[in-house]
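J.: Just passing along the structure, written as structure tokens.
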Amino acid sequence: MISHKIRFLFLFALIWSYSCQDDQDKSDFGLTYPDYFPAPHYQFGKNKLTREGFELGRALFFDPILSIDSTISCESCHAQGHAFADHNTALSTGIAGLSGTRNSPALFNLAWQPIFMWDGGINHIEVMPLAPITNEVEMGQDMEGAIKKLNNHPTYSKRFRSIFGEKPIDSQQLFYALAQYMSMLVSYNSKYDQYRQGKSTLTADEDDGLQIFRAKCASCHTEPLFTDYSLRNNGLEILNDDLGYGRITLETSDNHKFKVPSLRNIALTYPYMHDGRFRTLDQVLDHYDSGIVQYTNLDPLLIQNGQLGIPLSQEDKLKLKAFLHTLSDFTFTSNPLYSE
Amino acid sequence: MKFLNSILIFSTFLFLTFTSCKKEDDQPKQGEVTIEFDHVWGSAEGEFSLNKELTHPMLGEKMTFTLFKYYVSNVRLKAKDGSWYTMPESYFIVDADASGSNKVVVPNVPGGEYTDVEMMFGVDSLRNASGAQTGALDPAKGMFWSWNSGYIMVKAEGTAPTSTDGTFAFHLGGFKGENKVQTVKSYNFGTTALVVDGEREAEIHMLANPARLWHGAEKLAVKSKNHMPNALAKSMTTNFYDVVRFDHIHN
């Protein structure tokens, strides 16, 4: 009789003390990246990375439920086959056929990115989705409405609870899940990476291209992420009143500066620049060679010894282009882990 | 005997299990402190309420607020012996609507007598840059800029016949550089101390004057909107925060 009771009590105590503990590490699911990458900027913090959390983020990324009329998902403008840039359109289409003024950037290696958007206005990967969800020309959905839809959704409410506990879904949970998915989008399997890892060699042209790149482009598009995440003006002709970084800092000396984009997967993500003005890499290279416009905020690296731009011969351009093509990561664009 | 034994074991287990994950919190006299913000209009301290037409004493323009909210955070209370009680996770949106959300409730204040309250108007820099938050800091509350990360620390909206489009909207914030608006203020209660004993009500009454936002500002006819951290946000919030004052204690 006693022993029976004691057994019961033991069980009770065991369950109780277990419930007080922090959740155990549920899996060894995590970020993987090569040793020549720096440590990621985003360390997850309180947002505990799990397979379930990642999969929930993935489901949300592909689900139009986050837009006001359930027509547009994140994936509508960020498609895996294009390294999560838009489907080769300069300006993306949001709800009701509306469109904004900037080109959808490719999404990868976001865990290394300290700032987001072309103008660097967003300071944390977790609050990133707030912008597209609430933007009137993208998803047009207020956060309260989005959260309500998720709470009323039978499967989502269950999935959120199993990850975040028995409480109503809030924006933090939504942002945590999306941050888990976005951070896990790591691209490091291009031919360039194979070469860095000693698993492949570059052709003579590609190798020459790499040397030209290191001499002329890498001060901004720094290896191995192919950006230094700084905000600069690269001499594009000013076609509209998009002040870029200047809109954020209100300093005229920051006007028309934009975040240096990564050049990984660059062959897959045309058109190029913040407004998608160039359709081809040839146009981009011509821009650096002979199209740079003199402007007070032009980056000093692009005007040296009184000479505007980066002189590139026809041959340089061919070689540079050959090298840029080695940055395409088809393992990334076809990885089933990232698709629904 | 056997039965008694098992009761003993049962209660020991019960005691152990229930205390195992609690912190020491047996301070018997702890209580709740409420800081209530009452809103007045102009230095004459006239009545302020939403959806009521008011005339701004300096601008001379008519305005009707439909919304008036601001952040108060990092609340601390100073005890008679000079020690401070700092409330953990202390973030509030004070809302001038009549729903009672003009009250900041500080729970679990250790029993004792308090002489001062300190609070931050706005949200500390750290939380402006720490990713997804909950509670009062949840961006779903509409007090966070999506395109230029950071909290809207004061939000005032309404209608004004002199404004070019008939409305006004001032979303004010900024947490870094020279346009950083958040400010720590402390207030002494004077001769009477605030008693916290878990039985008596402990209320601190503050007076805030939204008209001060436009102290020395341009007329609404000239400037009726602001939606970003900038020098205007800095000067408007500074003017507003500067005259929030301690009124009385209710014990």
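By order in the structure tokens, chains are A, B, ...; within a chain, residues start at 1; ligands start at 1, following the order shown.
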Compile a residue-level contact table for chain A against chain B at a cut-off of 6 Å, reporting for every qualifying residue the shortest atom pair and its distance in Å to one decimal, with only C-alpha atoms counted, rows ordered by chain and ascending number, as a Markdown table.

T.:
```
| residue | atom | partner | partner_atom | distance |
| --- | --- | --- | --- | --- |
| A:Ala13 | CA | B:Thr17 | CA | 5.7 |
| A:Cys20 | CA | B:Cys21 | CA | 5.9 |
| A:Gly121 | CA | B:Asn148 | CA | 4.5 |
| A:Ile122 | CA | B:Ser149 | CA | 5.0 |
| A:Asn123 | CA | B:Ser149 | CA | 5.9 |
| A:His124 | CA | B:Gly131 | CA | 5.4 |
| A:Glu126 | CA | B:Gly131 | CA | 4.9 |
| A:Val127 | CA | B:Gly131 | CA | 5.5 |
| A:Leu130 | CA | B:Ser146 | CA | 5.6 |
| A:Ala131 | CA | B:Ser146 | CA | 4.8 |
| A:Met143 | CA | B:Ala140 | CA | 5.0 |
| A:Glu144 | CA | B:Ala140 | CA | 5.6 |
| A:Gln172 | CA | B:Ala132 | CA | 5.0 |
```

J.: When DSSP works through the backbone of this structure, what residues of region 39-190 of chain B end up as strand (DSSP E or B), shown as a PyMOL selection string?

T.: chain B and resi 39-41+46-47+53-55+62-79+84-86+91-95+103-109+112-121+144-145+150-159+167-173+183-188

J.: Between A:Thr326, A:Thr203, A:Asn297, A:Ser190, which has the minimum distance to Leu243 (chain A) (counting only C-alpha atoms)?

T.: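 Using only C-alpha atoms, Leu243 (chain A) sits closest to A:Asn297.
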
J.: What's around Val117 (chain B) at 7 Å? Count only C-alpha atoms, leave out sequence neighbours fewer than 2 positions away in its own chain, and write the answer as an MDAnalysis selection string.

T.: chainID B and resid 76:78 119 186:188

J.: Write out the residues from the selection above, keeping all heavy atoms, as a CSV table (one decimal), in the first residue's frame.

T.:
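Output file selection-v5.csv is given in full below:
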```csv
chain,number,residue,atom,x,y,z
B,76,ARG,N,11.6,52.3,-11.3
B,76,ARG,CA,12.3,52.0,-10.0
B,76,ARG,C,11.7,52.8,-8.9
B,76,ARG,O,11.2,53.9,-9.1
B,76,ARG,CB,13.8,52.3,-10.1
B,76,ARG,CG,14.6,51.7,-11.3
B,76,ARG,CD,15.9,52.3,-11.4
B,76,ARG,NE,16.8,51.8,-10.4
B,76,ARG,CZ,17.9,52.5,-10.0
B,76,ARG,NH1,18.3,53.6,-10.5
B,76,ARG,NH2,18.7,52.0,-9.0
B,77,LEU,N,11.8,52.2,-7.7
B,77,LEU,CA,11.3,52.9,-6.5
B,77,LEU,C,12.4,53.0,-5.5
B,77,LEU,O,13.1,52.0,-5.2
B,77,LEU,CB,10.1,52.1,-5.9
B,77,LEU,CG,8.8,52.2,-6.7
B,77,LEU,CD1,7.9,51.1,-6.4
B,77,LEU,CD2,8.1,53.6,-6.5
B,78,LYS,N,12.6,54.2,-4.9
B,78,LYS,CA,13.7,54.3,-3.9
B,78,LYS,C,13.1,54.3,-2.5
B,78,LYS,O,12.1,55.0,-2.2
B,78,LYS,CB,14.3,55.7,-4.1
B,78,LYS,CG,15.6,55.9,-3.3
B,78,LYS,CD,16.2,57.3,-3.6
B,78,LYS,CE,17.5,57.5,-2.8
B,78,LYS,NZ,18.0,58.8,-3.1
B,119,MET,N,11.7,56.7,-13.6
B,119,MET,CA,11.2,56.0,-14.7
B,119,MET,C,11.8,56.5,-16.0
B,119,MET,O,12.3,57.7,-16.0
B,119,MET,CB,9.6,56.1,-14.8
B,119,MET,CG,9.1,57.4,-15.0
B,119,MET,SD,7.3,57.5,-14.8
B,119,MET,CE,7.1,57.8,-13.1
B,186,SER,N,13.3,61.3,-12.4
B,186,SER,CA,12.9,60.8,-11.1
B,186,SER,C,12.2,61.9,-10.4
B,186,SER,O,12.4,63.1,-10.6
B,186,SER,CB,14.1,60.2,-10.4
B,186,SER,OG,15.0,61.3,-10.0
B,187,TYR,N,11.3,61.4,-9.5
B,187,TYR,CA,10.4,62.4,-8.8
B,187,TYR,C,10.4,62.0,-7.3
B,187,TYR,O,10.3,60.8,-6.9
B,187,TYR,CB,9.0,62.2,-9.3
B,187,TYR,CG,8.9,62.4,-10.8
B,187,TYR,CD1,9.0,61.3,-11.7
B,187,TYR,CD2,8.7,63.7,-11.4
B,187,TYR,CE1,8.9,61.5,-13.1
B,187,TYR,CE2,8.6,63.9,-12.7
B,187,TYR,CZ,8.8,62.8,-13.6
B,187,TYR,OH,8.7,63.0,-15.0
B,188,ASN,N,10.6,63.0,-6.5
B,188,ASN,CA,10.5,62.9,-5.1
B,188,ASN,C,9.1,63.1,-4.5
B,188,ASN,O,8.5,64.0,-5.0
B,188,ASN,CB,11.6,63.8,-4.4
B,188,ASN,CG,11.6,63.7,-2.9
B,188,ASN,OD1,10.9,64.4,-2.2
B,188,ASN,ND2,12.5,62.7,-2.5
```

J.: If DSSP is run on the backbone, what residues of region 69-141 of chain A are alpha helix (DSSP H)? A reply as number ranges by chain would be ideal.

T.: A: 74-77, 130-134

J.: If you keep C-alpha atoms, can you produce a file of those selected residues as a PDB file, in the first residue's frame?

T.:
```pdb
ATOM      1  CA  CYS A  74       6.860  35.719 -48.825  1.00  0.00           C
ATOM      2  CA  GLU A  75       7.715  33.205 -51.500  1.00  0.00           C
ATOM      3  CA  SER A  76       5.749  35.179 -54.123  1.00  0.00           C
ATOM      4  CA  CYS A  77       8.639  37.659 -54.188  1.00  0.00           C
ATOM      5  CA  LEU A 130       7.077  43.236 -39.944  1.00  0.00           C
ATOM      6  CA  ALA A 131       7.944  45.363 -42.992  1.00  0.00           C
ATOM      7  CA  PRO A 132       6.648  43.133 -45.813  1.00  0.00           C
ATOM      8  CA  ILE A 133       3.615  41.945 -43.830  1.00  0.00           C
ATOM      9  CA  THR A 134       2.387  45.456 -43.021  1.00  0.00           C
TER      10      THR A 134
END
```

J.: Might you pull out every residue within 6 Å of region 298-309 of chain A, with only C-alpha atoms counted and same-chain residues fewer than 6 positions away left off, and present them as a PyMOL selection string?

T.: chain A and resi 233+235+288-289+292

J.: Restricting the calculation to only C-alpha atoms: of B:Val94, B:Val123, B:Ala136, B:Ile249, which residue gets closest to His205 (chain B)?

T.: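 Of all the options, B:Ile249 lies closest to His205 (chain B).
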
J.: Identify, on the basis of only C-alpha atoms, every residue whose closest approach to Val109 (chain B) does not exceed 8 Å; exclude the query and any residue fewer than 6 positions from it along the same chain; express the result as a compact mmCIF listing (two decimals) with all heavy atoms, in the first residue's frame.

T.:
```txt
# COMPACT_ATOMS: atom_id res chain seq x y z
N GLN B 30 4.94 42.31 0.75
CA GLN B 30 5.09 42.96 -0.54
C GLN B 30 3.74 43.35 -1.13
O GLN B 30 2.71 42.76 -0.82
CB GLN B 30 5.89 42.10 -1.50
CG GLN B 30 5.17 40.85 -1.94
CD GLN B 30 6.01 40.09 -2.94
OE1 GLN B 30 7.19 40.36 -3.12
NE2 GLN B 30 5.39 39.12 -3.59
N GLY B 31 3.74 44.34 -1.94
CA GLY B 31 2.48 44.83 -2.48
C GLY B 31 2.65 45.42 -3.86
O GLY B 31 3.71 45.34 -4.48
N GLU B 32 1.57 46.04 -4.32
CA GLU B 32 1.51 46.54 -5.68
C GLU B 32 1.51 48.07 -5.62
O GLU B 32 0.82 48.65 -4.80
CB GLU B 32 0.20 46.03 -6.25
CG GLU B 32 -0.04 46.28 -7.68
CD GLU B 32 -1.36 45.60 -8.09
OE1 GLU B 32 -1.37 44.36 -8.28
OE2 GLU B 32 -2.36 46.31 -8.20
N VAL B 33 2.28 48.66 -6.51
CA VAL B 33 2.27 50.12 -6.59
C VAL B 33 1.70 50.51 -7.95
O VAL B 33 2.09 49.95 -8.98
CB VAL B 33 3.69 50.71 -6.41
CG1 VAL B 33 3.71 52.20 -6.72
CG2 VAL B 33 4.21 50.45 -5.00
N TYR B 85 14.29 49.57 -5.49
CA TYR B 85 13.63 48.37 -6.04
C TYR B 85 13.45 48.61 -7.53
O TYR B 85 12.81 49.59 -7.95
CB TYR B 85 12.27 48.11 -5.38
CG TYR B 85 11.54 47.00 -6.12
CD1 TYR B 85 11.99 45.69 -6.01
CD2 TYR B 85 10.47 47.28 -6.98
CE1 TYR B 85 11.37 44.67 -6.73
CE2 TYR B 85 9.86 46.27 -7.70
CZ TYR B 85 10.31 44.97 -7.57
OH TYR B 85 9.72 43.96 -8.30
N VAL B 196 4.18 50.71 1.33
CA VAL B 196 3.78 49.46 0.68
C VAL B 196 3.72 48.39 1.76
O VAL B 196 4.72 48.10 2.42
CB VAL B 196 4.80 49.05 -0.41
CG1 VAL B 196 4.43 47.69 -1.01
CG2 VAL B 196 4.90 50.10 -1.49
```

J.: Show which residues sit within 8 Å of Asp208 (chain A), as a short mmCIF file (atom, residue, chain, number, x, y, z; two decimals) with N, CA and C atoms, in the first residue's frame. Count only C-alpha atoms, and ignore same-chain residues fewer than 5 positions away.

T.:
```cif
data_model
loop_
_atom_site.label_atom_id
_atom_site.label_comp_id
_atom_site.auth_asym_id
_atom_site.auth_seq_id
_atom_site.Cartn_x
_atom_site.Cartn_y
_atom_site.Cartn_z
N LYS A 319 36.38 37.59 -68.18
CA LYS A 319 36.93 36.78 -67.09
C LYS A 319 36.17 37.01 -65.79
N LEU A 320 35.85 38.28 -65.53
CA LEU A 320 35.07 38.59 -64.33
C LEU A 320 33.73 37.87 -64.35
N PHE A 323 34.07 34.32 -63.61
CA PHE A 323 34.21 34.10 -62.16
C PHE A 323 32.86 34.26 -61.45
#
```

J.: Neighbours of Met184 (chain A) within 12 Å (only C-alpha atoms; same-chain residues fewer than 4 positions away dropped), as a ChimeraX atom specification?

T.: /A:29-33,40,42-44,49-51,53-55,57-58,107-112,125,177-180,188,332,335,337-338

J.: What separation in Å, quoted to one decimal, exists between CA of Glu53 (chain B) and CA of Ala211 (chain B)?

T.: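 Between these atoms lies a distance of 12.7 Å.
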
J.: So, counting only C-alpha atoms, which residue among B:Gly122, B:Ser101, B:Gly82, B:Asn209 is closest to Ala44 (chain B)?

T.: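 Ranked by minimum distance to Ala44 (chain B), first place goes to B:Asn209.
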
J.: Return the single residue from A:Ala267, A:Ile212, A:Leu202, A:Met117 that is closest to Leu312 (chain A), with distances computed using only C-alpha atoms.

T.: A:Ile212
